[in-house]
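Here the structure is laid out as structure tokens; the discussion comes afterwards.
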Amino acid sequence: MLEGKEILNMLKKVDALKEGHFVFSSGLHSEIYIQCALLLKEPNLSEKVCRAIAEKFRHEKPDLVIGPALGGIIVAYEVARHLGVPGLFTERENGKMKLRRMFTIKPGQKVLVVEDVITTGGSSQEVVNLVESYGAHVIGVGAIVDRSNGLAKLSVPFQALVKVTMNNYTPEECPLCKQGIPLDKPGSRKS
């Protein structure tokens, strides 16, 4: 099983740990950004981290795996492949998580929600709510990185491969904004 230190080394190796002034999809700001897409673009590394997530939930025997677009697409596919089940993803339509592309979830199915990075848990919780609206049972949420500082608000069990403690600021409290440091929005759905 991969250890947190190994995952951090993988992220550093592919230059996925960035420093600057960033805004996340949650709207929070930070001086550090983890761009898991740089890790997930490497098939051998993607396979390793997603296998580790799959192993954390294998005993629950999920019927399918689902993740939010964009960050959860590759993770959902790879985790599902390791579990031998279908892998789906949700998309935003008019600001709301939806199932599209003729994807379906059946009542009673056991579903694992996965994500690349959790900051507040907001997107993952939206997926949990969507899955439950179909009458399915969410067995948990898995992620590569938990950067929520223990503040992720999820209604189901949550496990991440690595926890990274970072400062999170509201835009009003952000010292980087007050210093006039330009804001970068990599991967953010906020404009």
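Chain labels A, B, ... are given in the sequence in which chains occur in the structure tokens; within each chain residues are numbered consecutively from 1, and ligands are likewise numbered from 1 in the order shown.
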To test your reading of the structure, identify every residue in region 8-159 of chain A that backbone DSSP assigns to helix (DSSP H, G or I), and report it as a PyMOL selection string. chain A and resi 8-13+37-40+43-60+73-83+122-133
Could you name the residues that touch region 116-126 of chain A at 7 Å or less, counting only C-alpha atoms, but leaving out those on the same chain fewer than 6 positions away, as a list of chain:residue names?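 Once the nearby chain positions are removed, what remains is A:Ser26, A:Cys36, A:Pro68, A:Gly71, A:Gly72, A:Val75, A:Met97, A:Ala143, A:Ile144, A:Val145, A:Asp146, A:Arg147, A:Ser148, A:Leu151, A:Ala152, A:Lys153, A:Leu154.
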Keeping only N, CA and C atoms, take the residues you just selected and write them out as a PDB file, in the first residue's frame.
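Output contents, as saved in result.pdb:
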```pdb
ATOM      1  N   SER A  26     -13.804  25.892  -4.727  1.00  0.00           N
ATOM      2  CA  SER A  26     -14.615  26.264  -3.563  1.00  0.00           C
ATOM      3  C   SER A  26     -14.702  27.774  -3.386  1.00  0.00           C
ATOM      4  N   CYS A  36      -3.351  17.708  -9.464  1.00  0.00           N
ATOM      5  CA  CYS A  36      -3.264  16.258  -9.631  1.00  0.00           C
ATOM      6  C   CYS A  36      -3.311  15.831 -11.092  1.00  0.00           C
ATOM      7  N   PRO A  68     -16.707  13.579  -9.859  1.00  0.00           N
ATOM      8  CA  PRO A  68     -17.099  14.806 -10.547  1.00  0.00           C
ATOM      9  C   PRO A  68     -16.094  15.196 -11.632  1.00  0.00           C
ATOM     10  N   GLY A  71     -11.829  16.757 -12.306  1.00  0.00           N
ATOM     11  CA  GLY A  71     -10.819  16.104 -11.480  1.00  0.00           C
ATOM     12  C   GLY A  71     -11.087  14.654 -11.148  1.00  0.00           C
ATOM     13  N   GLY A  72     -12.334  14.245 -11.119  1.00  0.00           N
ATOM     14  CA  GLY A  72     -12.654  12.878 -10.736  1.00  0.00           C
ATOM     15  C   GLY A  72     -12.806  11.903 -11.883  1.00  0.00           C
ATOM     16  N   VAL A  75      -9.730   9.469 -12.087  1.00  0.00           N
ATOM     17  CA  VAL A  75      -9.713   8.724 -10.820  1.00  0.00           C
ATOM     18  C   VAL A  75     -10.856   7.705 -10.805  1.00  0.00           C
ATOM     19  N   MET A  97     -24.698  19.563 -10.378  1.00  0.00           N
ATOM     20  CA  MET A  97     -24.184  18.253 -10.768  1.00  0.00           C
ATOM     21  C   MET A  97     -25.294  17.411 -11.366  1.00  0.00           C
ATOM     22  N   ALA A 143     -10.177   9.882  -2.072  1.00  0.00           N
ATOM     23  CA  ALA A 143      -9.451  10.931  -2.797  1.00  0.00           C
ATOM     24  C   ALA A 143      -7.959  10.653  -2.736  1.00  0.00           C
ATOM     25  N   ILE A 144      -7.248  11.255  -3.673  1.00  0.00           N
ATOM     26  CA  ILE A 144      -5.797  11.180  -3.632  1.00  0.00           C
ATOM     27  C   ILE A 144      -5.301  12.076  -2.507  1.00  0.00           C
ATOM     28  N   VAL A 145      -5.768  13.349  -2.503  1.00  0.00           N
ATOM     29  CA  VAL A 145      -5.279  14.337  -1.541  1.00  0.00           C
ATOM     30  C   VAL A 145      -6.432  14.954  -0.765  1.00  0.00           C
ATOM     31  N   ASP A 146      -6.280  15.006   0.545  1.00  0.00           N
ATOM     32  CA  ASP A 146      -7.191  15.764   1.414  1.00  0.00           C
ATOM     33  C   ASP A 146      -6.427  17.004   1.862  1.00  0.00           C
ATOM     34  N   ARG A 147      -6.837  18.158   1.338  1.00  0.00           N
ATOM     35  CA  ARG A 147      -6.195  19.414   1.734  1.00  0.00           C
ATOM     36  C   ARG A 147      -7.196  20.294   2.490  1.00  0.00           C
ATOM     37  N   SER A 148      -8.182  19.622   3.109  1.00  0.00           N
ATOM     38  CA  SER A 148      -9.255  20.343   3.797  1.00  0.00           C
ATOM     39  C   SER A 148      -8.889  20.776   5.210  1.00  0.00           C
ATOM     40  N   LEU A 151     -11.571  19.869   7.629  1.00  0.00           N
ATOM     41  CA  LEU A 151     -12.839  20.612   7.591  1.00  0.00           C
ATOM     42  C   LEU A 151     -13.791  20.160   6.496  1.00  0.00           C
ATOM     43  N   ALA A 152     -13.436  19.127   5.731  1.00  0.00           N
ATOM     44  CA  ALA A 152     -14.333  18.646   4.672  1.00  0.00           C
ATOM     45  C   ALA A 152     -15.655  18.217   5.284  1.00  0.00           C
ATOM     46  N   LYS A 153     -16.723  18.682   4.681  1.00  0.00           N
ATOM     47  CA  LYS A 153     -18.063  18.366   5.175  1.00  0.00           C
ATOM     48  C   LYS A 153     -18.696  17.323   4.260  1.00  0.00           C
ATOM     49  N   LEU A 154     -18.579  16.063   4.670  1.00  0.00           N
ATOM     50  CA  LEU A 154     -19.137  14.954   3.894  1.00  0.00           C
ATOM     51  C   LEU A 154     -20.041  14.125   4.788  1.00  0.00           C
TER      52      LEU A 154
END
```
Nearest to Asp184 (chain A), chosen from A:Tyr77, A:Phe22, A:Phe103, A:Phe158, with only C-alpha atoms counted in the distances: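 Closest candidate: A:Phe22.
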Closest pair table for region 101-158 of chain A residues within 12 Å of region 86-92 of chain A, only C-alpha atoms, as a tab-separated table:
```
residue	atom	partner	partner_atom	distance
A:Arg101	CA	A:Thr90	CA	9.3
A:Met102	CA	A:Leu88	CA	10.3
A:Phe103	CA	A:Leu88	CA	7.0
A:Thr104	CA	A:Leu88	CA	8.7
A:Ile105	CA	A:Leu88	CA	9.3
A:Gln109	CA	A:Pro86	CA	11.7
A:Lys110	CA	A:Pro86	CA	11.7
A:Val111	CA	A:Gly87	CA	9.9
A:Leu112	CA	A:Gly87	CA	9.6
A:Val113	CA	A:Phe89	CA	9.3
A:Val114	CA	A:Phe89	CA	9.5
A:Glu115	CA	A:Phe89	CA	10.1
A:Ser123	CA	A:Thr90	CA	10.0
A:Ser124	CA	A:Thr90	CA	10.2
A:Glu126	CA	A:Thr90	CA	9.7
A:Val127	CA	A:Thr90	CA	7.2
A:Val128	CA	A:Thr90	CA	10.7
A:Asn129	CA	A:Thr90	CA	11.7
A:Leu130	CA	A:Thr90	CA	9.0
A:Val131	CA	A:Thr90	CA	9.8
```
My list of candidates is A:Lys96, A:His29, A:Lys185, A:Lys41. Which is closest to Tyr169 (chain A) when distances are computed with only C-alpha atoms?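 Between A:Lys96, A:His29, A:Lys185, A:Lys41, the residue approaching Tyr169 (chain A) most closely is A:His29.
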Output as a PyMOL selection string all residues of region 24-96 of chain A that backbone DSSP marks as strand (DSSP E). chain A and resi 29-34+64-68+87-93+96
Could you turn the residues from that selection into a file that holds C-alpha atoms, as a PDB file, in the first residue's frame?
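The new file part26.pdb reads:
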```pdb
ATOM      1  CA  HIS A  29      -7.543  31.064  -1.768  1.00  0.00           C
ATOM      2  CA  SER A  30      -4.149  29.569  -0.862  1.00  0.00           C
ATOM      3  CA  GLU A  31      -0.448  29.986  -1.542  1.00  0.00           C
ATOM      4  CA  ILE A  32      -0.127  26.335  -2.567  1.00  0.00           C
ATOM      5  CA  TYR A  33      -1.958  24.451  -5.303  1.00  0.00           C
ATOM      6  CA  ILE A  34      -1.879  20.731  -5.982  1.00  0.00           C
ATOM      7  CA  LEU A  64     -19.808   1.317  -9.438  1.00  0.00           C
ATOM      8  CA  VAL A  65     -17.470   4.269  -8.972  1.00  0.00           C
ATOM      9  CA  ILE A  66     -18.299   7.883  -9.802  1.00  0.00           C
ATOM     10  CA  GLY A  67     -16.425  11.171  -9.674  1.00  0.00           C
ATOM     11  CA  PRO A  68     -17.099  14.806 -10.547  1.00  0.00           C
ATOM     12  CA  GLY A  87     -16.756   4.077 -13.730  1.00  0.00           C
ATOM     13  CA  LEU A  88     -19.003   7.109 -14.245  1.00  0.00           C
ATOM     14  CA  PHE A  89     -18.607  10.855 -13.906  1.00  0.00           C
ATOM     15  CA  THR A  90     -20.923  13.759 -13.249  1.00  0.00           C
ATOM     16  CA  GLU A  91     -20.905  17.114 -15.023  1.00  0.00           C
ATOM     17  CA  ARG A  92     -22.200  20.540 -14.136  1.00  0.00           C
ATOM     18  CA  GLU A  93     -25.207  21.719 -16.046  1.00  0.00           C
ATOM     19  CA  LYS A  96     -25.724  21.745 -10.766  1.00  0.00           C
TER      20      LYS A  96
END
```
